[in-house]
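Shown next: query.txt, containing compact mmCIF, C-alpha atoms (C1' of nucleotides).
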# COMPACT_ATOMS: atom_id res chain seq x y z
CA MET A 1 40.00 -33.64 -46.07
CA GLU A 2 40.83 -30.81 -48.46
CA GLN A 3 37.13 -30.44 -49.18
CA LEU A 4 36.30 -29.86 -45.54
CA SER A 5 39.23 -27.44 -45.16
CA ALA A 6 37.99 -25.55 -48.19
CA TYR A 7 34.52 -25.48 -46.67
CA PHE A 8 35.67 -23.95 -43.38
CA SER A 9 38.04 -21.56 -45.11
CA GLY A 10 35.11 -20.44 -47.23
CA LYS A 11 33.30 -19.63 -43.98
CA GLY A 12 36.04 -17.19 -43.05
CA ILE A 13 37.91 -19.43 -40.62
CA SER A 14 41.70 -19.02 -40.61
CA ALA A 15 44.01 -21.71 -41.97
CA ILE A 16 45.35 -22.49 -38.51
CA GLU A 17 41.92 -22.89 -36.96
CA THR A 18 40.73 -24.88 -39.94
CA ALA A 19 43.59 -27.30 -39.44
CA VAL A 20 42.68 -27.74 -35.77
CA ILE A 21 39.02 -28.28 -36.57
CA THR A 22 39.43 -30.71 -39.43
CA ALA A 23 41.84 -32.77 -37.34
CA ALA A 24 38.83 -33.86 -35.28
CA PHE A 25 37.26 -35.55 -38.33
CA SER A 26 38.21 -38.93 -39.75
CA PHE A 27 37.48 -40.34 -43.19
CA LYS A 28 35.32 -43.35 -43.91
CA LYS A 29 34.21 -44.96 -47.14
CA ILE A 30 30.58 -46.00 -47.37
CA ALA A 31 29.19 -48.43 -49.92
CA LYS A 32 25.90 -47.89 -51.71
CA GLY A 33 23.08 -49.15 -49.51
CA ASP A 34 25.04 -48.90 -46.26
CA TYR A 35 23.57 -47.04 -43.33
CA PHE A 36 25.00 -43.96 -41.66
CA VAL A 37 22.17 -44.03 -39.11
CA GLN A 38 19.94 -47.01 -38.51
CA GLU A 39 16.59 -47.13 -36.76
CA GLY A 40 16.97 -48.34 -33.19
CA LYS A 41 20.61 -47.37 -32.90
CA THR A 42 21.96 -44.21 -31.31
CA SER A 43 23.82 -41.98 -33.72
CA LYS A 44 27.20 -40.95 -32.29
CA TYR A 45 28.58 -39.16 -35.33
CA LEU A 46 28.03 -36.09 -37.39
CA ALA A 47 29.57 -36.15 -40.87
CA PHE A 48 30.57 -34.04 -43.81
CA ILE A 49 29.86 -35.68 -47.18
CA THR A 50 32.89 -35.63 -49.47
CA LYS A 51 31.14 -37.73 -52.09
CA GLY A 52 27.81 -39.40 -52.62
CA LEU A 53 24.10 -39.08 -52.02
CA PHE A 54 22.24 -39.92 -48.81
CA GLN A 55 18.58 -40.59 -48.12
CA TYR A 56 16.78 -39.85 -44.84
CA TYR A 57 13.72 -42.01 -44.34
CA TYR A 58 11.24 -43.38 -41.82
CA ALA A 59 9.99 -46.96 -42.09
CA LYS A 60 6.25 -47.04 -41.49
CA ASP A 61 3.91 -49.97 -42.08
CA GLY A 62 6.62 -51.70 -44.05
CA LYS A 63 6.96 -48.70 -46.33
CA GLU A 64 9.72 -46.13 -46.55
CA ILE A 65 8.84 -42.47 -46.19
CA THR A 66 11.71 -40.39 -47.53
CA THR A 67 11.99 -36.97 -45.94
CA TYR A 68 15.25 -35.60 -47.28
CA ILE A 69 18.05 -36.31 -49.71
CA THR A 70 21.41 -34.58 -49.53
CA GLY A 71 24.82 -34.88 -51.12
CA THR A 72 28.40 -33.76 -51.55
CA ASN A 73 29.70 -30.87 -49.40
CA THR A 74 26.85 -30.87 -46.92
CA PHE A 75 26.63 -32.10 -43.34
CA LEU A 76 24.86 -35.29 -42.39
CA LEU A 77 23.24 -36.05 -39.04
CA SER A 78 20.13 -37.45 -37.46
CA ILE A 79 19.18 -34.42 -35.41
CA ILE A 80 17.04 -36.10 -32.75
CA SER A 81 19.20 -39.15 -32.18
CA PHE A 82 22.48 -37.23 -32.25
CA TYR A 83 21.50 -34.43 -29.89
CA LYS A 84 19.44 -36.50 -27.50
CA GLN A 85 21.84 -39.44 -27.76
CA GLN A 86 18.93 -41.81 -27.96
CA PRO A 87 17.94 -44.54 -30.43
CA SER A 88 16.94 -43.19 -33.81
CA LYS A 89 13.52 -43.57 -35.41
CA GLU A 90 14.82 -42.51 -38.78
CA ASN A 91 17.33 -44.11 -41.13
CA ILE A 92 20.06 -42.49 -43.19
CA ARG A 93 21.38 -44.58 -46.05
CA ALA A 94 23.85 -44.10 -48.90
CA LEU A 95 22.16 -44.05 -52.31
CA SER A 96 25.56 -44.37 -53.97
CA ASP A 97 29.11 -45.20 -53.00
CA ALA A 98 30.17 -42.36 -50.78
CA GLY A 99 32.86 -40.78 -48.62
CA LEU A 100 32.35 -39.21 -45.20
CA LEU A 101 34.42 -37.15 -42.79
CA MET A 102 33.01 -38.06 -39.40
CA ILE A 103 33.29 -36.43 -35.99
CA HIS A 104 32.28 -38.14 -32.76
CA PHE A 105 29.66 -36.53 -30.51
CA ASP A 106 32.20 -36.09 -27.69
CA ASP A 107 34.72 -34.44 -30.00
CA LEU A 108 32.07 -32.05 -31.26
CA VAL A 109 31.34 -31.10 -27.66
CA LYS A 110 35.04 -30.42 -27.11
CA LEU A 111 35.32 -28.42 -30.28
CA LYS A 112 32.36 -26.17 -29.58
CA THR A 113 33.52 -25.72 -25.99
CA ASN A 114 37.19 -25.00 -26.63
CA ASN A 115 37.43 -23.52 -30.09
CA GLU A 116 36.03 -20.05 -30.51
CA ALA A 117 36.24 -19.96 -34.29
CA PHE A 118 34.35 -23.22 -34.52
CA ARG A 119 31.81 -22.14 -31.91
CA ASN A 120 30.94 -19.05 -33.89
CA PHE A 121 30.56 -21.08 -37.04
CA TYR A 122 28.49 -23.62 -35.13
CA ILE A 123 26.07 -21.01 -33.80
CA GLY A 124 25.51 -19.68 -37.30
CA ALA A 125 25.06 -23.20 -38.64
CA LEU A 126 22.43 -23.96 -36.00
CA GLU A 127 20.58 -20.75 -36.80
CA ASN A 128 20.64 -21.63 -40.48
CA LEU A 129 19.46 -25.12 -39.68
CA ALA A 130 16.49 -23.74 -37.77
CA VAL A 131 15.67 -21.35 -40.60
CA GLY A 132 15.94 -24.11 -43.19
CA MET A 133 13.74 -26.46 -41.21
CA ASP A 134 11.16 -23.74 -40.73
CA GLU A 135 11.18 -22.91 -44.43
CA THR A 136 10.61 -26.56 -45.28
CA ARG A 137 7.73 -26.64 -42.82
CA SER A 138 6.32 -23.41 -44.19
CA ASN A 139 6.40 -24.82 -47.72
CA LEU A 140 4.68 -28.01 -46.65
CA ILE A 141 1.93 -25.91 -45.10
CA THR A 142 1.40 -23.15 -47.63
CA LEU A 143 2.17 -24.86 -50.93
CA THR A 144 0.33 -27.66 -52.69
CA ALA A 145 2.20 -30.78 -53.80
CA GLU A 146 2.16 -29.35 -57.33
CA GLU A 147 3.79 -26.15 -56.19
CA ARG A 148 6.39 -27.99 -54.15
CA TYR A 149 7.20 -30.13 -57.17
CA ALA A 150 7.68 -26.97 -59.20
CA VAL A 151 9.97 -25.52 -56.51
CA LEU A 152 11.99 -28.72 -56.45
CA MET A 153 12.31 -28.72 -60.24
CA LYS A 154 13.53 -25.15 -60.14
CA ASN A 155 15.90 -25.38 -57.17
CA GLU A 156 17.31 -28.86 -57.57
CA PRO A 157 17.01 -29.98 -61.16
CA ALA A 158 20.01 -32.25 -60.59
CA LEU A 159 18.09 -34.27 -58.03
CA LEU A 160 15.45 -35.11 -60.62
CA GLN A 161 18.13 -36.79 -62.70
CA GLN A 162 19.87 -38.63 -59.90
CA VAL A 163 16.95 -39.81 -57.82
CA PRO A 164 14.07 -42.16 -58.73
CA LEU A 165 10.74 -40.37 -58.76
CA GLN A 166 9.37 -42.60 -56.02
CA TYR A 167 11.71 -40.87 -53.56
CA LEU A 168 10.72 -37.42 -54.75
CA ALA A 169 7.06 -38.36 -54.44
CA SER A 170 7.72 -39.36 -50.86
CA ILE A 171 9.52 -36.10 -50.09
CA LEU A 172 6.60 -34.18 -51.59
CA GLY A 173 4.24 -36.16 -49.40
CA VAL A 174 2.31 -37.99 -52.11
CA THR A 175 2.29 -41.48 -53.62
CA PRO A 176 4.14 -42.20 -56.86
CA ARG A 177 0.72 -42.67 -58.42
CA HIS A 178 -0.27 -39.18 -57.52
CA LEU A 179 3.05 -37.65 -58.56
CA SER A 180 2.38 -39.16 -61.95
CA ARG A 181 -0.91 -37.27 -62.05
CA ILE A 182 0.86 -34.06 -61.00
CA ARG A 183 3.51 -34.42 -63.71
CA ASN A 184 0.78 -35.07 -66.23
CA ASN A 185 -0.82 -31.71 -65.42
CA TYR A 186 2.59 -30.08 -65.83
CA MET B 1 11.17 -9.61 -15.01
CA GLU B 2 11.41 -11.96 -12.04
CA GLN B 3 9.99 -14.70 -14.20
CA LEU B 4 12.78 -14.36 -16.75
CA SER B 5 15.39 -14.21 -13.99
CA ALA B 6 13.95 -17.36 -12.50
CA TYR B 7 14.04 -18.98 -15.92
CA PHE B 8 17.75 -18.25 -16.47
CA SER B 9 18.63 -19.12 -12.89
CA GLY B 10 16.89 -22.43 -13.43
CA LYS B 11 19.20 -22.99 -16.40
CA GLY B 12 22.20 -22.76 -14.06
CA ILE B 13 23.18 -19.18 -14.86
CA SER B 14 24.58 -17.19 -11.95
CA ALA B 15 22.64 -14.34 -10.36
CA ILE B 16 25.13 -11.79 -11.66
CA GLU B 17 25.00 -13.03 -15.23
CA THR B 18 21.24 -13.36 -15.05
CA ALA B 19 20.99 -9.70 -14.07
CA VAL B 20 23.16 -8.67 -17.00
CA ILE B 21 21.15 -10.77 -19.43
CA THR B 22 17.69 -9.77 -18.28
CA ALA B 23 18.72 -6.11 -18.44
CA ALA B 24 18.65 -6.44 -22.23
CA PHE B 25 14.93 -7.23 -22.18
CA SER B 26 12.11 -4.71 -21.82
CA PHE B 27 8.53 -5.32 -20.82
CA LYS B 28 5.52 -4.71 -23.02
CA LYS B 29 1.83 -5.33 -22.52
CA ILE B 30 -0.06 -6.86 -25.41
CA ALA B 31 -3.82 -6.84 -25.77
CA LYS B 32 -5.79 -9.82 -26.97
CA GLY B 33 -5.80 -9.86 -30.77
CA ASP B 34 -2.66 -7.74 -31.12
CA TYR B 35 0.19 -8.94 -33.28
CA PHE B 36 3.73 -9.73 -32.16
CA VAL B 37 4.69 -10.51 -35.75
CA GLN B 38 2.68 -9.50 -38.77
CA GLU B 39 2.88 -10.84 -42.31
CA GLY B 40 4.88 -8.52 -44.52
CA LYS B 41 6.79 -6.91 -41.67
CA THR B 42 10.28 -7.83 -40.54
CA SER B 43 10.41 -9.12 -36.99
CA LYS B 44 13.08 -7.35 -34.97
CA TYR B 45 12.35 -8.84 -31.58
CA LEU B 46 12.52 -12.09 -29.72
CA ALA B 47 10.39 -12.31 -26.58
CA PHE B 48 9.80 -14.23 -23.41
CA ILE B 49 6.12 -14.65 -22.53
CA THR B 50 5.38 -13.63 -18.94
CA LYS B 51 1.66 -14.09 -19.41
CA GLY B 52 -0.73 -15.08 -22.17
CA LEU B 53 -1.23 -17.36 -25.12
CA PHE B 54 0.07 -16.78 -28.65
CA GLN B 55 -0.93 -18.25 -31.97
CA TYR B 56 1.39 -18.73 -34.97
CA TYR B 57 -0.47 -18.87 -38.27
CA TYR B 58 -0.20 -18.49 -42.00
CA ALA B 59 -2.92 -16.77 -43.99
CA LYS B 60 -3.66 -18.76 -47.12
CA ASP B 61 -6.57 -18.23 -49.53
CA GLY B 62 -8.23 -16.02 -46.94
CA LYS B 63 -8.01 -18.76 -44.34
CA GLU B 64 -5.80 -19.05 -41.30
CA ILE B 65 -3.60 -22.09 -40.92
CA THR B 66 -2.45 -22.32 -37.31
CA THR B 67 0.87 -24.08 -36.86
CA TYR B 68 1.69 -23.55 -33.22
CA ILE B 69 0.32 -22.19 -29.98
CA THR B 70 2.52 -21.35 -27.02
CA GLY B 71 2.20 -19.61 -23.70
CA THR B 72 3.64 -18.40 -20.42
CA ASN B 73 7.34 -18.95 -19.71
CA THR B 74 8.32 -19.83 -23.27
CA PHE B 75 10.14 -17.84 -25.94
CA LEU B 76 8.38 -16.30 -28.89
CA LEU B 77 9.91 -15.57 -32.29
CA SER B 78 9.28 -15.90 -35.98
CA ILE B 79 12.34 -17.96 -36.85
CA ILE B 80 12.63 -17.12 -40.54
CA SER B 81 11.87 -13.43 -40.33
CA PHE B 82 13.96 -12.84 -37.22
CA TYR B 83 17.12 -14.63 -38.34
CA LYS B 84 17.00 -13.59 -41.97
CA GLN B 85 15.73 -10.10 -41.05
CA GLN B 86 13.29 -10.22 -43.90
CA PRO B 87 9.51 -9.72 -44.11
CA SER B 88 7.54 -12.46 -42.42
CA LYS B 89 5.10 -14.79 -44.13
CA GLU B 90 3.65 -15.92 -40.84
CA ASN B 91 1.71 -14.07 -38.17
CA ILE B 92 1.99 -14.30 -34.40
CA ARG B 93 -0.98 -12.98 -32.47
CA ALA B 94 -2.05 -12.84 -28.83
CA LEU B 95 -5.04 -15.05 -28.08
CA SER B 96 -5.44 -13.33 -24.72
CA ASP B 97 -4.16 -10.25 -22.94
CA ALA B 98 -0.48 -10.90 -22.48
CA GLY B 99 2.87 -9.66 -21.23
CA LEU B 100 6.19 -9.93 -23.06
CA LEU B 101 9.84 -9.33 -22.23
CA MET B 102 11.36 -8.36 -25.55
CA ILE B 103 14.92 -8.18 -26.78
CA HIS B 104 15.97 -6.45 -30.00
CA PHE B 105 17.81 -8.42 -32.68
CA ASP B 106 20.92 -6.24 -32.30
CA ASP B 107 20.97 -6.70 -28.53
CA LEU B 108 20.70 -10.44 -28.94
CA VAL B 109 23.70 -10.33 -31.25
CA LYS B 110 25.63 -8.40 -28.60
CA LEU B 111 24.58 -10.75 -25.87
CA LYS B 112 25.58 -13.92 -27.69
CA THR B 113 28.84 -12.31 -28.76
CA ASN B 114 29.91 -10.84 -25.45
CA ASN B 115 28.32 -12.92 -22.74
CA GLU B 116 29.68 -16.41 -22.34
CA ALA B 117 27.00 -17.64 -19.96
CA PHE B 118 24.30 -16.52 -22.34
CA ARG B 119 26.12 -17.94 -25.35
CA ASN B 120 26.28 -21.38 -23.79
CA PHE B 121 22.62 -21.21 -22.93
CA TYR B 122 21.86 -20.00 -26.44
CA ILE B 123 23.71 -22.88 -28.11
CA GLY B 124 21.76 -25.37 -26.03
CA ALA B 125 18.51 -23.58 -26.78
CA LEU B 126 19.20 -23.72 -30.53
CA GLU B 127 20.00 -27.42 -30.33
CA ASN B 128 16.77 -28.01 -28.44
CA LEU B 129 14.90 -25.92 -30.97
CA ALA B 130 16.23 -28.06 -33.80
CA VAL B 131 15.35 -31.24 -31.94
CA GLY B 132 11.86 -29.99 -31.18
CA MET B 133 11.22 -28.95 -34.76
CA ASP B 134 12.44 -32.30 -36.01
CA GLU B 135 10.22 -34.14 -33.55
CA THR B 136 7.22 -32.17 -34.73
CA ARG B 137 8.11 -32.99 -38.31
CA SER B 138 8.63 -36.64 -37.45
CA ASN B 139 5.20 -36.81 -35.82
CA LEU B 140 3.54 -35.18 -38.80
CA ILE B 141 5.10 -37.82 -41.01
CA THR B 142 4.77 -40.98 -38.99
CA LEU B 143 1.52 -40.41 -37.13
CA THR B 144 -2.02 -40.10 -38.43
CA ALA B 145 -4.15 -37.10 -37.48
CA GLU B 146 -5.96 -39.39 -35.00
CA GLU B 147 -2.71 -40.35 -33.35
CA ARG B 148 -1.51 -36.76 -33.20
CA TYR B 149 -4.78 -35.76 -31.61
CA ALA B 150 -4.26 -38.47 -28.99
CA VAL B 151 -0.71 -37.23 -28.34
CA LEU B 152 -1.98 -33.68 -27.95
CA MET B 153 -4.72 -34.81 -25.56
CA LYS B 154 -2.14 -36.62 -23.48
CA ASN B 155 0.66 -34.01 -23.50
CA GLU B 156 -1.31 -30.78 -23.42
CA PRO B 157 -4.74 -31.40 -21.96
CA ALA B 158 -4.76 -27.76 -20.81
CA LEU B 159 -4.63 -26.57 -24.41
CA LEU B 160 -7.84 -28.41 -25.17
CA GLN B 161 -9.58 -26.29 -22.56
CA GLN B 162 -8.06 -22.96 -23.49
CA VAL B 163 -8.11 -23.12 -27.26
CA PRO B 164 -11.08 -23.46 -29.64
CA LEU B 165 -11.04 -26.76 -31.50
CA GLN B 166 -10.73 -25.02 -34.86
CA TYR B 167 -7.17 -24.03 -33.95
CA LEU B 168 -6.28 -27.51 -32.82
CA ALA B 169 -7.71 -28.94 -36.04
CA SER B 170 -5.46 -26.60 -37.96
CA ILE B 171 -2.39 -27.61 -35.96
CA LEU B 172 -3.23 -31.26 -36.60
CA GLY B 173 -3.48 -30.48 -40.29
CA VAL B 174 -7.18 -31.21 -40.79
CA THR B 175 -10.36 -29.19 -41.12
CA PRO B 176 -12.65 -28.67 -38.13
CA ARG B 177 -15.16 -30.85 -39.95
CA HIS B 178 -12.69 -33.69 -40.05
CA LEU B 179 -11.55 -33.24 -36.45
CA SER B 180 -15.18 -33.66 -35.52
CA ARG B 181 -15.13 -37.01 -37.33
CA ILE B 182 -11.93 -37.98 -35.51
CA ARG B 183 -13.36 -37.08 -32.11
CA ASN B 184 -16.45 -39.06 -32.97
CA ASN B 185 -14.35 -42.20 -33.48
CA TYR B 186 -12.70 -41.55 -30.09
C1' DT C 1 22.30 -60.06 -76.70
C1' DT C 2 19.10 -61.97 -73.59
C1' DT C 3 16.96 -61.95 -69.28
C1' DA C 4 15.70 -60.19 -65.01
C1' DT C 5 14.92 -56.17 -62.20
C1' DT C 6 13.74 -51.64 -61.38
C1' DT C 7 11.15 -47.64 -62.64
C1' DA C 8 7.43 -44.89 -64.58
C1' DT C 9 2.76 -44.54 -66.30
C1' DG C 10 -2.13 -44.48 -66.07
C1' DG C 11 -6.95 -47.04 -65.69
C1' DA C 12 -10.57 -48.40 -62.39
C1' DC C 13 -12.18 -48.10 -58.15
C1' DA C 14 -12.16 -47.17 -52.89
C1' DT C 15 -11.18 -44.22 -49.22
C1' DT C 16 -10.15 -40.11 -47.10
C1' DT C 17 -10.81 -35.56 -46.52
C1' DG C 18 -12.76 -31.14 -47.82
C1' DT C 19 -16.71 -27.92 -48.89
C1' DC C 20 -20.95 -26.18 -47.96
C1' DC C 21 -24.28 -26.13 -45.53
C1' DG C 22 -28.01 -25.78 -41.49
C1' DG C 23 -29.14 -26.56 -36.60
C1' DT C 24 -27.96 -26.09 -31.69
C1' DA C 25 -25.59 -24.92 -27.85
C1' DA C 26 -22.54 -21.87 -25.34
C1' DC C 27 -21.04 -17.38 -24.31
C1' DA C 28 -20.55 -12.15 -24.21
C1' DG C 29 -22.34 -7.70 -24.19
C1' DC C 30 -26.18 -4.81 -23.46
C1' DG D 1 -32.97 -11.89 -19.60
C1' DC D 2 -32.54 -10.87 -24.45
C1' DT D 3 -29.63 -10.74 -28.58
C1' DG D 4 -25.82 -11.11 -31.44
C1' DT D 5 -21.67 -13.77 -31.98
C1' DT D 6 -18.83 -17.66 -31.84
C1' DA D 7 -18.11 -22.55 -31.39
C1' DC D 8 -19.32 -27.21 -32.29
C1' DC D 9 -21.62 -30.89 -34.64
C1' DG D 10 -22.83 -33.73 -38.39
C1' DG D 11 -25.51 -34.61 -43.13
C1' DA D 12 -24.88 -34.64 -48.14
C1' DC D 13 -22.11 -34.30 -51.68
C1' DA D 14 -17.60 -33.17 -54.24
C1' DA D 15 -12.79 -33.31 -54.83
C1' DA D 16 -8.35 -35.04 -53.84
C1' DT D 17 -5.62 -38.82 -53.06
C1' DG D 18 -4.63 -43.68 -52.23
C1' DT D 19 -4.78 -48.76 -53.53
C1' DC D 20 -4.26 -52.20 -56.70
C1' DC D 21 -2.96 -53.45 -60.93
C1' DA D 22 -1.33 -54.28 -65.74
C1' DT D 23 1.68 -52.49 -69.09
C1' DA D 24 5.67 -50.58 -71.09
C1' DA D 25 10.03 -48.50 -70.88
C1' DA D 26 14.57 -48.21 -68.91
C1' DT D 27 18.30 -50.14 -66.60
C1' DA D 28 21.19 -53.66 -64.69
C1' DA D 29 22.73 -58.31 -64.62
C1' DA D 30 24.00 -62.62 -66.76
Would it be possible to restate this file's structure as structure tokens?
Amino acid sequence: MEQLSAYFSGKGISAIETAVITAAFSFKKIAKGDYFVQEGKTSKYLAFITKGLFQYYYAKDGKEITTYITGTNTFLLSIISFYKQQPSKENIRALSDAGLLMIHFDDLVKLKTNNEAFRNFYIGALENLAVGMDETRSNLITLTAEERYAVLMKNEPALLQQVPLQYLASILGVTPRHLSRIRNNY
Amino acid sequence: MEQLSAYFSGKGISAIETAVITAAFSFKKIAKGDYFVQEGKTSKYLAFITKGLFQYYYAKDGKEITTYITGTNTFLLSIISFYKQQPSKENIRALSDAGLLMIHFDDLVKLKTNNEAFRNFYIGALENLAVGMDETRSNLITLTAEERYAVLMKNEPALLQQVPLQYLASILGVTPRHLSRIRNNY
DNA sequence: TTTATTTATGGACATTTGTCCGGTAACAGC
DNA sequence: GCTGTTACCGGACAAATGTCCATAAATAAA
């Protein structure tokens, strides 16, 4: 819980408000391989990752297409399923033993309705989310797989250590076979 | 201006609040081919389209990659450039003579800070934006170009009439040559 | 340590998709 | 109605990427 408090404090939210906000979250341990969101089920929680690594993926034709991997001190949610409160098409799974601070959809509604400090944070977070998603999209459009691999190497060298290349290949939008070719050409 | 008022009224905002909100927008005519956002320039406005069709595209290797086309009664903005207030990498151009109701970045900040009715609308709009962007991404990942073409035919048959196929090909992520192959296979 | 499992690599070949055309048809301006 | 421009199609070939696979290395399990 201290991690989440530190996070909100770092966003300029007062100690009192931070206490009110974090009180809406509850801790849950997640074992490696467990699902935070599972295809077909409606996601009712948003979470803050206190520990661990999570993989977003779609199952298609019996294969897994990984779209995103995120870890400690970031938020975790299936955007479509959470906001539309409808069954998810994507899966979110722990790649390692992990810890989450979860908030229920209804409690988030209350928080953003009643708590001004949180609402202001929330608006900024949504704007950042939109920007981040658009940047990802822009990169997928304007960069080649090679260039995106280079960007990934530069921005997230840690990921390359923690995550099997097959997942990175999937995120880059190529097969492991082709990523091997890319790495060969430096 | 009536169009924008009708839009906000339709979102459940009172007549009084709607008047306050729409007062922050000003009308501008745009000729076919003119730019709303141009690569290299920082976008300072968000707009509501009262008339016309607009194309979002990236210029890459001397070619245009169209990512989105939108029209009357929708909002228009370059997400990255507008929110980060930094030079844009994408272009937004009128495909026909058009009319816009524009609001300056600073006035939007005021509106979302001071006007509760607008702020609530704005939060919902951002959530919808995130959902929409994620759905687009999901479709790009899980559907083939054929399937996306079928979805487009079903959801936006009007677009197929108004917009040259080369743009649609670009949105689908294939060359016009390949879209021709797709259409040939029905 | 030994054995089984997962992960990474790269050859050989198939498929998909792009590039570079040229030929019509449709449309816009004179 | 002519004439230049733009849009659409599809052939022929090239390039990029995927499929299938065997091997070897790395890691986890026994």
Practice task
Extract, using all atoms listed in the file, all DNA, RNA and protein residues at most 7 Å from Leu100 in chain A, discarding same-chain residues fewer than 4 positions from it, and format them as a list in words.
Solution key: Phe27, Lys28, Lys29, Ala47, Phe48, Ile49 and Thr50 of chain A
Select from chain C every residue with an atom at most 10 Å from any atom of chain A, then for each give the shortest pair of atoms and their distance in Å to one decimal, using all atoms listed in the file, rows by chain and rising number, as a tab-separated table.
residue	atom	partner	partner_atom	distance
C:DT6	C1'	A:Pro164	CA	9.8
C:DT7	C1'	A:Pro164	CA	7.3
C:DA8	C1'	A:Ser180	CA	8.1
C:DT9	C1'	A:Ser180	CA	6.9
C:DG10	C1'	A:Ser180	CA	8.1
List the spatial neighbours of Phe36 in chain A as a PDB file with C-alpha atoms, in the coordinates of the input - criterion: any atom at most 8 Å away, all atoms listed in the file, same-chain residues fewer than 3 positions off excluded.
ATOM      1  CA  ASN A  91      17.330 -44.110 -41.130  1.00  0.00           C
ATOM      2  CA  ILE A  92      20.060 -42.490 -43.190  1.00  0.00           C
ATOM      3  CA  ARG A  93      21.380 -44.580 -46.050  1.00  0.00           C
ATOM      4  CA  ALA A  94      23.850 -44.100 -48.900  1.00  0.00           C
TER       5      ALA A  94
END
Contact table chain A vs chain B, cut-off 6 Å, shortest pair per residue, only C-alpha atoms, as a tab-separated table:
residue	atom	partner	partner_atom	distance
A:Ile80	CA	B:Val131	CA	5.2
A:Ala130	CA	B:Ala130	CA	5.9
A:Val131	CA	B:Ile80	CA	5.2
Just-selected residues, C-alpha atoms written as a PDB file, in the coordinates of the input:
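The new file result-v4.pdb reads:
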ATOM      1  CA  ILE A  80      17.040 -36.100 -32.750  1.00  0.00           C
ATOM      2  CA  ALA A 130      16.490 -23.740 -37.770  1.00  0.00           C
ATOM      3  CA  VAL A 131      15.670 -21.350 -40.600  1.00  0.00           C
TER       4      VAL A 131
END
Practice task
Provide as a ChimeraX atom specification the residues of chain D at most 9 Å from chain B, counting all atoms listed in the file.
Solution key: /D:7-10
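Put simply, CA of Ala31 in chain A is 27.9 Å away from CA of Ala125 in chain A.
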Practice task
List the neighbours of Leu160 in chain B out to 12 Å using only C-alpha atoms (C1' of nucleotides); skip same-chain residues closer than 4 positions along the sequence, and give me the result as number ranges by chain.
Solution key: B: 69, 149-156, 164-169
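CA of Gln161 in chain A is found 17.3 Å from C1' of DA28 in chain D.
CA of Val109 in chain B sits 27.4 Å away from CA of Leu76 in chain A.
Summary of the local environment: counting all atoms listed in the file, residues at most 9 Å from DA16 in chain D, other than itself and those fewer than 3 positions away along its chain, are DT16, DT17 and DG18 of chain C.
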Completion exercise
One residue among B:Ala158, B:Leu179, B:Ile21, B:Leu95 is nearest to Phe8 in chain B when using all atoms listed in the file, and that residue is B:Ile21
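Of the residues under consideration (C:DC21, C:DT3, C:DA12, C:DA28), C:DA12 shows the shortest atom-to-atom contact distance to DC21 in chain D when counting all atoms listed in the file.
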Handout entry: Within 9 Å of Lys51 in chain B using all atoms listed in the file, minus same-chain residues under 3 positions, as a ChimeraX atom specification
Key = /B:71-73,96-100
For the selection you just gave me, I'd like the residues written to a file as a PDB file, in the coordinates of the input, keeping C-alpha atoms.
ATOM      1  CA  GLY B  71       2.200 -19.610 -23.700  1.00  0.00           C
ATOM      2  CA  THR B  72       3.640 -18.400 -20.420  1.00  0.00           C
ATOM      3  CA  ASN B  73       7.340 -18.950 -19.710  1.00  0.00           C
ATOM      4  CA  SER B  96      -5.440 -13.330 -24.720  1.00  0.00           C
ATOM      5  CA  ASP B  97      -4.160 -10.250 -22.940  1.00  0.00           C
ATOM      6  CA  ALA B  98      -0.480 -10.900 -22.480  1.00  0.00           C
ATOM      7  CA  GLY B  99       2.870  -9.660 -21.230  1.00  0.00           C
ATOM      8  CA  LEU B 100       6.190  -9.930 -23.060  1.00  0.00           C
TER       9      LEU B 100
END
